[in-house]
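**Student:** Have a peek at upload_30.csv (CSV, C-alpha atoms).
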chain,number,residue,atom,x,y,z
A,1,MET,CA,-8.5,203.5,31.9
A,2,THR,CA,-9.3,201.5,28.7
A,3,GLU,CA,-9.0,197.7,28.7
A,4,SER,CA,-8.8,195.7,25.5
A,5,CYS,CA,-7.5,192.6,23.7
A,6,ALA,CA,-4.9,193.0,21.0
A,7,LEU,CA,-3.5,190.7,18.4
A,8,LEU,CA,0.2,191.2,18.0
A,9,GLN,CA,2.0,189.9,14.9
A,10,SER,CA,5.5,188.5,15.6
A,11,ALA,CA,8.3,188.6,13.1
A,12,ASP,CA,7.6,185.0,11.9
A,13,GLY,CA,4.0,185.9,11.3
A,14,PHE,CA,2.5,184.3,14.4
A,15,VAL,CA,-0.3,186.2,15.9
A,16,CYS,CA,0.0,186.5,19.7
A,17,PRO,CA,-3.0,187.7,21.8
A,18,ALA,CA,-2.3,190.3,24.5
A,19,TRP,CA,-4.2,192.1,27.2
A,20,CYS,CA,-3.8,195.9,27.0
A,21,VAL,CA,-4.7,198.6,29.5
A,22,ARG,CA,-4.3,202.3,28.4
A,23,PRO,CA,-4.2,205.1,31.0
A,24,GLU,CA,-6.4,208.1,31.1
A,25,GLY,CA,-4.6,210.9,29.2
A,26,ALA,CA,-1.3,210.8,27.5
A,27,PRO,CA,0.9,207.8,28.6
A,28,ARG,CA,4.1,208.5,30.4
A,29,GLY,CA,5.7,205.4,28.9
A,30,GLY,CA,5.0,201.8,28.0
A,31,MET,CA,5.1,198.6,30.1
A,32,VAL,CA,5.1,195.0,29.1
A,33,VAL,CA,4.0,192.5,31.8
A,34,LEU,CA,5.1,188.9,31.5
A,35,PRO,CA,3.0,186.4,33.5
A,36,GLU,CA,3.9,183.5,35.7
A,37,ILE,CA,3.2,179.9,34.6
A,38,PHE,CA,-0.5,180.7,35.3
A,39,GLY,CA,-1.0,182.7,32.2
A,40,VAL,CA,-2.7,186.1,31.8
A,41,ASN,CA,-5.0,185.5,34.8
A,42,ALA,CA,-6.9,187.8,37.1
A,43,HIS,CA,-3.7,188.7,39.0
A,44,ILE,CA,-1.7,189.6,35.9
A,45,ARG,CA,-4.6,191.6,34.6
A,46,ALA,CA,-4.7,193.5,37.9
A,47,VAL,CA,-0.9,194.1,37.8
A,48,THR,CA,-1.3,195.4,34.2
A,49,ALA,CA,-4.1,197.7,35.3
A,50,ARG,CA,-2.0,199.0,38.2
A,51,PHE,CA,0.7,200.1,35.8
A,52,ALA,CA,-1.9,201.8,33.7
A,53,ALA,CA,-3.2,203.6,36.7
A,54,ARG,CA,0.3,205.0,37.2
A,55,GLY,CA,0.2,206.3,33.6
A,56,TYR,CA,1.8,203.5,31.6
A,57,ALA,CA,0.3,202.0,28.5
A,58,ALA,CA,0.6,198.4,29.7
A,59,VAL,CA,0.6,195.2,27.6
A,60,ALA,CA,0.5,191.6,28.9
A,61,PRO,CA,1.2,189.1,26.0
A,62,ASP,CA,0.0,185.6,26.1
A,63,THR,CA,3.3,183.8,26.4
A,64,PHE,CA,1.6,180.4,26.3
A,65,ALA,CA,-0.1,181.2,23.0
A,66,ARG,CA,2.3,179.1,20.9
A,67,VAL,CA,1.1,175.9,22.7
A,68,GLN,CA,-2.3,176.9,24.1
A,69,ALA,CA,-4.0,180.3,23.9
A,70,GLY,CA,-6.1,181.9,26.6
A,71,VAL,CA,-4.6,180.2,29.6
A,72,ALA,CA,-5.8,181.8,32.9
A,73,LEU,CA,-5.0,179.4,35.8
A,74,GLY,CA,-5.5,179.7,39.6
A,75,TYR,CA,-2.9,178.7,42.2
A,76,GLY,CA,-4.0,175.2,43.3
A,77,ASP,CA,-1.9,172.1,42.9
A,78,GLU,CA,-3.6,171.1,39.6
A,79,ASP,CA,-3.0,174.6,38.3
A,80,VAL,CA,0.6,174.4,39.1
A,81,ALA,CA,1.0,171.1,37.4
A,82,GLN,CA,-0.8,172.3,34.3
A,83,GLY,CA,1.3,175.5,34.3
A,84,ARG,CA,4.5,173.6,34.5
A,85,LYS,CA,3.6,171.4,31.6
A,86,LEU,CA,2.7,174.4,29.5
A,87,LYS,CA,6.0,176.1,30.4
A,88,ALA,CA,7.9,173.0,29.5
A,89,ALA,CA,6.2,172.9,26.1
A,90,VAL,CA,7.1,176.5,25.3
A,91,GLU,CA,10.7,176.0,26.5
A,92,ARG,CA,11.0,173.1,24.1
A,93,LEU,CA,10.2,175.5,21.2
A,94,PRO,CA,12.9,177.6,19.6
A,95,GLU,CA,13.7,180.4,22.0
A,96,ALA,CA,13.3,183.0,19.2
A,97,TRP,CA,9.6,182.2,19.0
A,98,VAL,CA,8.4,183.3,22.4
A,99,LEU,CA,11.0,186.1,22.4
A,100,GLY,CA,9.5,187.2,19.1
A,101,ASP,CA,6.1,187.4,20.7
A,102,ILE,CA,7.6,189.5,23.6
A,103,GLN,CA,9.3,191.8,21.0
A,104,ALA,CA,5.9,192.3,19.4
A,105,ALA,CA,4.5,193.3,22.8
A,106,ILE,CA,7.4,195.8,23.3
A,107,ASP,CA,6.8,197.3,19.9
A,108,HIS,CA,3.1,197.6,20.6
A,109,ALA,CA,3.7,199.3,23.9
A,110,ALA,CA,6.0,201.7,22.2
A,111,ALA,CA,3.4,202.5,19.6
A,112,LEU,CA,0.7,203.0,22.2
A,113,CYS,CA,2.8,205.4,24.3
A,114,GLY,CA,5.1,207.0,21.7
A,115,GLY,CA,8.0,206.8,24.2
A,116,LYS,CA,10.2,204.5,26.2
A,117,VAL,CA,9.2,201.0,27.3
A,118,GLY,CA,9.9,199.1,30.5
A,119,LEU,CA,9.2,195.4,31.2
A,120,VAL,CA,8.4,193.4,34.3
A,121,GLY,CA,8.1,189.6,34.6
A,122,PHE,CA,7.2,187.2,37.4
A,123,CYS,CA,8.4,183.7,38.0
A,124,TRP,CA,8.7,182.2,34.5
A,125,GLY,CA,8.0,185.7,33.3
A,126,GLY,CA,11.0,186.8,35.4
A,127,LEU,CA,13.2,184.4,33.4
A,128,LEU,CA,11.7,185.7,30.1
A,129,ALA,CA,12.2,189.2,31.3
A,130,TRP,CA,15.9,188.5,31.8
A,131,ARG,CA,16.2,187.0,28.4
A,132,ALA,CA,14.4,190.0,27.0
A,133,ALA,CA,16.8,192.4,28.7
A,134,CYS,CA,19.7,190.6,27.1
A,135,GLU,CA,18.3,189.7,23.6
A,136,LEU,CA,15.6,192.2,22.6
A,137,GLN,CA,15.4,195.7,21.4
A,138,GLY,CA,13.6,198.8,22.6
A,139,LEU,CA,13.7,198.3,26.4
A,140,ALA,CA,14.7,201.1,28.7
A,141,ALA,CA,14.5,199.0,31.9
A,142,VAL,CA,13.6,195.5,33.1
A,143,VAL,CA,12.4,194.2,36.4
A,144,CYS,CA,12.6,190.5,37.2
A,145,TYR,CA,10.6,189.0,40.1
A,146,TYR,CA,12.0,185.7,41.4
A,147,GLY,CA,12.9,184.5,37.9
A,148,GLY,CA,12.9,180.8,37.9
A,149,GLY,CA,16.0,179.5,36.1
A,150,MET,CA,17.6,182.9,35.6
A,151,THR,CA,20.4,182.1,38.0
A,152,SER,CA,21.5,179.0,36.1
A,153,ALA,CA,24.8,179.0,34.4
A,154,GLN,CA,23.3,179.3,30.9
A,155,GLU,CA,21.3,182.4,31.9
A,156,VAL,CA,24.1,184.0,33.9
A,157,ALA,CA,26.2,183.9,30.7
A,158,ARG,CA,23.9,186.4,29.0
A,159,THR,CA,24.6,190.2,29.1
A,160,PRO,CA,21.8,192.7,29.7
A,161,ARG,CA,21.4,195.6,27.2
A,162,CYS,CA,19.5,197.9,29.7
A,163,PRO,CA,19.3,198.5,33.4
A,164,VAL,CA,17.9,195.5,35.3
A,165,LEU,CA,16.4,195.1,38.8
A,166,ALA,CA,16.1,191.6,40.1
A,167,HIS,CA,14.0,190.7,43.2
A,168,PHE,CA,14.5,187.4,45.0
A,169,GLY,CA,13.1,185.8,48.2
A,170,ALA,CA,15.6,184.6,50.8
A,171,HIS,CA,13.3,181.6,51.5
A,172,ASP,CA,12.5,180.7,47.9
A,173,ALA,CA,12.4,176.9,47.7
A,174,HIS,CA,12.8,177.0,43.9
A,175,ILE,CA,15.8,179.4,43.6
A,176,SER,CA,18.8,178.6,45.8
A,177,GLN,CA,20.6,181.3,47.7
A,178,PRO,CA,24.0,180.3,46.4
A,179,SER,CA,22.8,180.6,42.8
A,180,VAL,CA,21.4,184.1,43.6
A,181,GLN,CA,24.7,185.1,45.1
A,182,ALA,CA,26.6,183.8,42.1
A,183,PHE,CA,24.3,185.7,39.8
A,184,ALA,CA,25.0,188.9,41.7
A,185,ARG,CA,28.7,188.4,41.6
A,186,ALA,CA,28.6,187.7,37.9
A,187,HIS,CA,26.4,190.8,37.2
A,188,PRO,CA,27.4,193.7,39.4
A,189,GLU,CA,25.6,196.0,36.9
A,190,VAL,CA,22.3,194.3,37.9
A,191,GLN,CA,20.5,195.6,41.0
A,192,VAL,CA,19.9,192.4,43.0
A,193,GLN,CA,17.5,192.7,46.0
A,194,LEU,CA,16.8,190.1,48.5
A,195,TYR,CA,13.7,189.9,50.7
A,196,ASP,CA,12.7,188.0,53.9
A,197,ALA,CA,10.1,186.1,51.9
A,198,GLY,CA,9.5,183.0,49.7
A,199,HIS,CA,8.7,182.4,46.1
A,200,GLY,CA,5.7,184.4,44.7
A,201,PHE,CA,5.8,187.0,47.4
A,202,ASN,CA,4.3,189.7,45.2
A,203,CYS,CA,1.1,187.9,44.3
A,204,ASP,CA,-1.7,188.7,46.7
A,205,GLN,CA,-3.7,185.7,45.5
A,206,ARG,CA,-1.0,183.2,46.8
A,207,ALA,CA,-0.3,181.9,50.3
A,208,SER,CA,3.3,183.0,49.8
A,209,TYR,CA,2.2,186.7,49.5
A,210,ASP,CA,4.3,189.0,51.7
A,211,GLU,CA,2.9,192.5,51.9
A,212,ALA,CA,6.0,194.1,53.3
A,213,ALA,CA,8.3,192.6,50.7
A,214,ALA,CA,5.8,193.3,47.9
A,215,GLN,CA,5.5,196.9,48.9
A,216,THR,CA,9.3,197.5,49.1
A,217,ALA,CA,9.9,195.7,45.8
A,218,ARG,CA,7.1,197.7,44.2
A,219,GLU,CA,8.6,201.0,45.4
A,220,ARG,CA,12.0,200.0,44.1
A,221,SER,CA,10.6,198.9,40.7
A,222,LEU,CA,8.6,202.1,40.3
A,223,ALA,CA,11.6,204.2,41.1
A,224,LEU,CA,13.7,202.5,38.4
A,225,LEU,CA,10.9,202.8,35.9
A,226,ALA,CA,10.3,206.5,36.7
A,227,ARG,CA,14.1,207.1,36.2
A,228,CYS,CA,14.5,205.1,33.0
A,229,VAL,CA,11.1,205.0,31.3
A,230,GLY,CA,9.2,208.1,32.4
If you took the structure in this file and wrote it as structure tokens, what would it be?

**Tutor:**
Amino acid sequence: MTESCALLQSADGFVCPAWCVRPEGAPRGGMVVLPEIFGVNAHIRAVTARFAARGYAAVAPDTFARVQAGVALGYGDEDVAQGRKLKAAVERLPEAWVLGDIQAAIDHAAALCGGKVGLVGFCWGGLLAWRAACELQGLAAVVCYYGGGMTSAQEVARTPRCPVLAHFGAHDAHISQPSVQAFARAHPEVQVQLYDAGHGFNCDQRASYDEAAAQTARERSLALLARCVG
């Protein structure tokens, strides 16, 4: 695999850094990886590399770059507080700005692979993944992991343009079960999966990591991507 940094130009001229990992041989498709509130840290780079190991040309854009570039936080209390502040700062910007950066990542992944592109997002990235599925072009499938805020009324009102798989933890203290159920009723076209786990269950660097839930979610995600992306 080949790892590199790329500078992606968004439609408004902003240059967004991204971490890219290309597979050995011809890519089977492209993948965009949207990080949690902790930035493109070691965990997100590892996730990006795992997609590349499965044959995808994978791109992880720096979704904090509009307010602070190069963020790579850990998972302690101070990191959480800093990540929340950065997220709030990005959310105060026009939505089109960060979505434009994600579109640039989609376009870059398409150029790298010459084929279809999927997208996965975690936590805040899960929310951005949902918005991307509903608002952006060039996506064959989207996977949302415990997308914080995506079950709010404002987000439920959106309509996805591609197949979407959404993973939620039954014991997530940040996303209520009634809101998940309401989301599922409003979007029968979305494959909503619930796990006996809490928030952040996919991240093996967090105390909330749940190996069984992570493995099952990964298998379901890869099945969707194989079917829709390649």

**Student:** With the cut-off set at 12 Å and counting only C-alpha atoms, tabulate each residue of range 85-129 of chain A with an atom at most that distance from an atom of range 194-201 of chain A, showing the nearest atom pair and its distance in Å to one decimal, ordered by chain and increasing number, as JSON lines.

**Tutor:**
{"residue": "A:Gly121", "atom": "CA", "partner": "A:Gly200", "partner_atom": "CA", "distance": 11.6}
{"residue": "A:Phe122", "atom": "CA", "partner": "A:Gly200", "partner_atom": "CA", "distance": 8.0}
{"residue": "A:Cys123", "atom": "CA", "partner": "A:Gly200", "partner_atom": "CA", "distance": 7.3}
{"residue": "A:Trp124", "atom": "CA", "partner": "A:Gly200", "partner_atom": "CA", "distance": 10.9}
{"residue": "A:Gly125", "atom": "CA", "partner": "A:Gly200", "partner_atom": "CA", "distance": 11.7}
{"residue": "A:Gly126", "atom": "CA", "partner": "A:Gly200", "partner_atom": "CA", "distance": 11.0}

**Student:** Nearest residue to Ala214 in chain A out of A:Phe168, A:Pro188, A:Ser4, A:Met150, using only C-alpha atoms?

**Tutor:**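 When distances to Ala214 in chain A are compared using only C-alpha atoms, the smallest one comes from A:Phe168.
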
**Student:** Please determine, counting only C-alpha atoms, which residue among A:Ala212, A:Leu224, A:Gly74, A:Ala60 has the shortest atom-to-atom distance to Gln103 in chain A.

**Tutor:** A:Ala60

**Student:** Find, counting all atoms listed in the file, the residue in A:Tyr56, A:Ala141, A:Ala46, A:Tyr75 that gets nearest to Arg227 in chain A.

**Tutor:**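 Closest candidate: A:Ala141.
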
**Student:** CA of Ala26 in chain A and CA of Glu3 in chain A are how many Å apart?

**Tutor:** 15.2 Å

**Student:** Can you tell me, as a list in words, what residues are no more than 8 Å from Thr63 in chain A when counting all atoms listed in the file, ignoring any on the same chain fewer than 3 positions away?

**Tutor:**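 Close residues of Thr63 in chain A: Cys16, Leu34, Pro35, Gly39, Arg66, Val98, Asp101 and Ile102 of chain A.
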
**Student:** For Arg45 in chain A, which residue out of A:Ala72, A:Ala170, A:Val229, A:Ala6 is the nearest one, using only C-alpha atoms?

**Tutor:**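 Closest to Arg45 in chain A, using only C-alpha atoms: A:Ala72.
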
**Student:** CA of Leu127 in chain A and CA of Met1 in chain A are how many Å apart?

**Tutor:**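 Atom-to-atom, CA of Leu127 in chain A to CA of Met1 in chain A, that is 28.9 Å.
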
**Student:** Once you count only C-alpha atoms, what closest atom pair and distance in Å to one decimal does each residue of range 62-141 of chain A within 9 Å of range 151-158 of chain A have, with rows by chain and rising residue number, as a Markdown table?

**Tutor:**
| residue | atom | partner | partner_atom | distance |
| --- | --- | --- | --- | --- |
| A:Leu127 | CA | A:Glu155 | CA | 8.5 |
| A:Trp130 | CA | A:Glu155 | CA | 8.1 |
| A:Arg131 | CA | A:Glu155 | CA | 7.7 |
| A:Cys134 | CA | A:Arg158 | CA | 6.2 |
| A:Glu135 | CA | A:Arg158 | CA | 8.5 |

**Student:** I need the residue nearest Val47 in chain A from this list: A:Val80, A:Ser208, A:Cys203, A:Val143. Use all atoms listed in the file for the distance.

**Tutor:**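 Going through A:Val80, A:Ser208, A:Cys203, A:Val143 one by one, the smallest distance to Val47 in chain A is for A:Cys203.
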
**Student:** Kindly give the distance, in Å, that separates CA of Ala42 in chain A and CA of Gln215 in chain A, rounded to a single decimal.

**Tutor:**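 Result for CA of Ala42 in chain A versus CA of Gln215 in chain A: 19.4 Å, one decimal.
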
**Student:** Taking only C-alpha atoms into account, which of A:Trp19, A:Tyr145, A:Phe14, A:Phe51 comes nearest Leu225 in chain A?

**Tutor:**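 Of A:Trp19, A:Tyr145, A:Phe14, A:Phe51, the one nearest Leu225 in chain A is A:Phe51, counting only C-alpha atoms.
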
**Student:** Pull the neighbourhood of (-8.7, 212.1, 31.5) for me: all residues within 12 Å in file coordinates, counting all atoms listed in the file, as a list in words.

**Tutor:** Met1, Thr2, Arg22, Pro23, Glu24, Gly25, Ala26, Pro27, Ala53 and Gly55 of chain A

**Student:** Counting only C-alpha atoms, what is within 9 Å of Val190 in chain A, bar same-chain residues fewer than 2 positions away, as a VMD selection string?

**Tutor:** chain A and resid 160 163 to 166 184 187 to 188 192

**Student:** Got time to write the residues from that selection, C-alpha atoms, as a short mmCIF file (atom, residue, chain, number, x, y, z; two decimals), in the frame of the given file?

**Tutor:**
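The file below, part_9.cif, is the result:
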data_model
loop_
_atom_site.label_atom_id
_atom_site.label_comp_id
_atom_site.auth_asym_id
_atom_site.auth_seq_id
_atom_site.Cartn_x
_atom_site.Cartn_y
_atom_site.Cartn_z
CA PRO A 160 21.80 192.70 29.70
CA PRO A 163 19.30 198.50 33.40
CA VAL A 164 17.90 195.50 35.30
CA LEU A 165 16.40 195.10 38.80
CA ALA A 166 16.10 191.60 40.10
CA ALA A 184 25.00 188.90 41.70
CA HIS A 187 26.40 190.80 37.20
CA PRO A 188 27.40 193.70 39.40
CA VAL A 192 19.90 192.40 43.00
#

**Student:** Identify, on the basis of only C-alpha atoms, every residue whose closest approach to Gly230 in chain A does not exceed 9 Å; exclude the query and any residue fewer than 6 positions from it along the same chain; express the result as a list in words.

**Tutor:**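 Everything that qualifies: Arg28, Gly29, Gly30, Tyr56, Gly115, Lys116 and Val117 of chain A.
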
**Student:** Provide an axis-aligned box for all listed atoms of range 94-106 of chain A, padding each side by 5 Å; report its centre and its edge lengths in Å to one decimal, as AutoDock Vina command-line options.

**Tutor:**
--center_x 9.1 --center_y 186.7 --center_z 21.3 --size_x 19.2 --size_y 28.2 --size_z 14.6

**Student:** Give as a ChimeraX atom specification the set of residues within 10 Å of the point (9.2, 194.3, 27.6), where distances use the file's coordinates and only C-alpha atoms.

**Tutor:** /A:30-34,58-61,99,102-110,117-121,128-130,132-133,136-143

**Student:** For range 138-159 of chain A, supply N, CA and C atoms and report the output as a PDB file, in the coordinates of the input.

**Tutor:**
ATOM      1  N   GLY A 138      14.629 197.847  22.247  1.00  0.00           N
ATOM      2  CA  GLY A 138      13.600 198.800  22.600  1.00  0.00           C
ATOM      3  C   GLY A 138      13.206 198.861  24.058  1.00  0.00           C
ATOM      4  N   LEU A 139      14.014 198.296  24.950  1.00  0.00           N
ATOM      5  CA  LEU A 139      13.700 198.300  26.400  1.00  0.00           C
ATOM      6  C   LEU A 139      14.573 199.325  27.103  1.00  0.00           C
ATOM      7  N   ALA A 140      13.935 200.148  27.939  1.00  0.00           N
ATOM      8  CA  ALA A 140      14.700 201.100  28.700  1.00  0.00           C
ATOM      9  C   ALA A 140      15.029 200.610  30.105  1.00  0.00           C
ATOM     10  N   ALA A 141      14.284 199.624  30.606  1.00  0.00           N
ATOM     11  CA  ALA A 141      14.500 199.000  31.900  1.00  0.00           C
ATOM     12  C   ALA A 141      13.740 197.747  32.049  1.00  0.00           C
ATOM     13  N   VAL A 142      14.261 196.814  32.845  1.00  0.00           N
ATOM     14  CA  VAL A 142      13.600 195.500  33.100  1.00  0.00           C
ATOM     15  C   VAL A 142      13.617 195.192  34.547  1.00  0.00           C
ATOM     16  N   VAL A 143      12.502 194.655  35.033  1.00  0.00           N
ATOM     17  CA  VAL A 143      12.400 194.200  36.400  1.00  0.00           C
ATOM     18  C   VAL A 143      12.037 192.721  36.421  1.00  0.00           C
ATOM     19  N   CYS A 144      12.830 191.921  37.109  1.00  0.00           N
ATOM     20  CA  CYS A 144      12.600 190.500  37.200  1.00  0.00           C
ATOM     21  C   CYS A 144      12.211 190.125  38.641  1.00  0.00           C
ATOM     22  N   TYR A 145      11.045 189.526  38.797  1.00  0.00           N
ATOM     23  CA  TYR A 145      10.600 189.000  40.100  1.00  0.00           C
ATOM     24  C   TYR A 145      10.853 187.524  40.156  1.00  0.00           C
ATOM     25  N   TYR A 146      11.676 187.083  41.109  1.00  0.00           N
ATOM     26  CA  TYR A 146      12.000 185.700  41.400  1.00  0.00           C
ATOM     27  C   TYR A 146      11.929 184.838  40.072  1.00  0.00           C
ATOM     28  N   GLY A 147      12.825 185.208  39.161  1.00  0.00           N
ATOM     29  CA  GLY A 147      12.900 184.500  37.900  1.00  0.00           C
ATOM     30  C   GLY A 147      13.408 183.119  37.978  1.00  0.00           C
ATOM     31  N   GLY A 148      12.517 182.158  37.842  1.00  0.00           N
ATOM     32  CA  GLY A 148      12.900 180.800  37.900  1.00  0.00           C
ATOM     33  C   GLY A 148      13.828 180.346  36.805  1.00  0.00           C
ATOM     34  N   GLY A 149      15.052 179.958  37.114  1.00  0.00           N
ATOM     35  CA  GLY A 149      16.000 179.500  36.100  1.00  0.00           C
ATOM     36  C   GLY A 149      16.982 180.605  35.691  1.00  0.00           C
ATOM     37  N   MET A 150      16.744 181.870  36.037  1.00  0.00           N
ATOM     38  CA  MET A 150      17.600 182.900  35.600  1.00  0.00           C
ATOM     39  C   MET A 150      18.975 182.942  36.248  1.00  0.00           C
ATOM     40  N   THR A 151      19.107 182.187  37.349  1.00  0.00           N
ATOM     41  CA  THR A 151      20.400 182.100  38.000  1.00  0.00           C
ATOM     42  C   THR A 151      21.194 180.867  37.588  1.00  0.00           C
ATOM     43  N   SER A 152      20.704 180.125  36.588  1.00  0.00           N
ATOM     44  CA  SER A 152      21.500 179.000  36.100  1.00  0.00           C
ATOM     45  C   SER A 152      22.651 179.471  35.261  1.00  0.00           C
ATOM     46  N   ALA A 153      23.621 178.608  35.067  1.00  0.00           N
ATOM     47  CA  ALA A 153      24.800 179.000  34.400  1.00  0.00           C
ATOM     48  C   ALA A 153      24.564 179.500  32.964  1.00  0.00           C
ATOM     49  N   GLN A 154      23.624 178.859  32.271  1.00  0.00           N
ATOM     50  CA  GLN A 154      23.300 179.300  30.900  1.00  0.00           C
ATOM     51  C   GLN A 154      22.736 180.678  30.865  1.00  0.00           C
ATOM     52  N   GLU A 155      21.905 181.025  31.840  1.00  0.00           N
ATOM     53  CA  GLU A 155      21.300 182.400  31.900  1.00  0.00           C
ATOM     54  C   GLU A 155      22.290 183.410  32.367  1.00  0.00           C
ATOM     55  N   VAL A 156      23.115 183.038  33.323  1.00  0.00           N
ATOM     56  CA  VAL A 156      24.100 184.000  33.900  1.00  0.00           C
ATOM     57  C   VAL A 156      25.080 184.409  32.757  1.00  0.00           C
ATOM     58  N   ALA A 157      25.271 183.563  31.765  1.00  0.00           N
ATOM     59  CA  ALA A 157      26.200 183.900  30.700  1.00  0.00           C
ATOM     60  C   ALA A 157      25.712 184.990  29.772  1.00  0.00           C
ATOM     61  N   ARG A 158      24.430 185.352  29.870  1.00  0.00           N
ATOM     62  CA  ARG A 158      23.900 186.400  29.000  1.00  0.00           C
ATOM     63  C   ARG A 158      24.340 187.796  29.580  1.00  0.00           C
ATOM     64  N   THR A 159      24.231 188.811  28.725  1.00  0.00           N
ATOM     65  CA  THR A 159      24.600 190.200  29.100  1.00  0.00           C
ATOM     66  C   THR A 159      23.440 191.118  28.835  1.00  0.00           C
TER      67      THR A 159
END
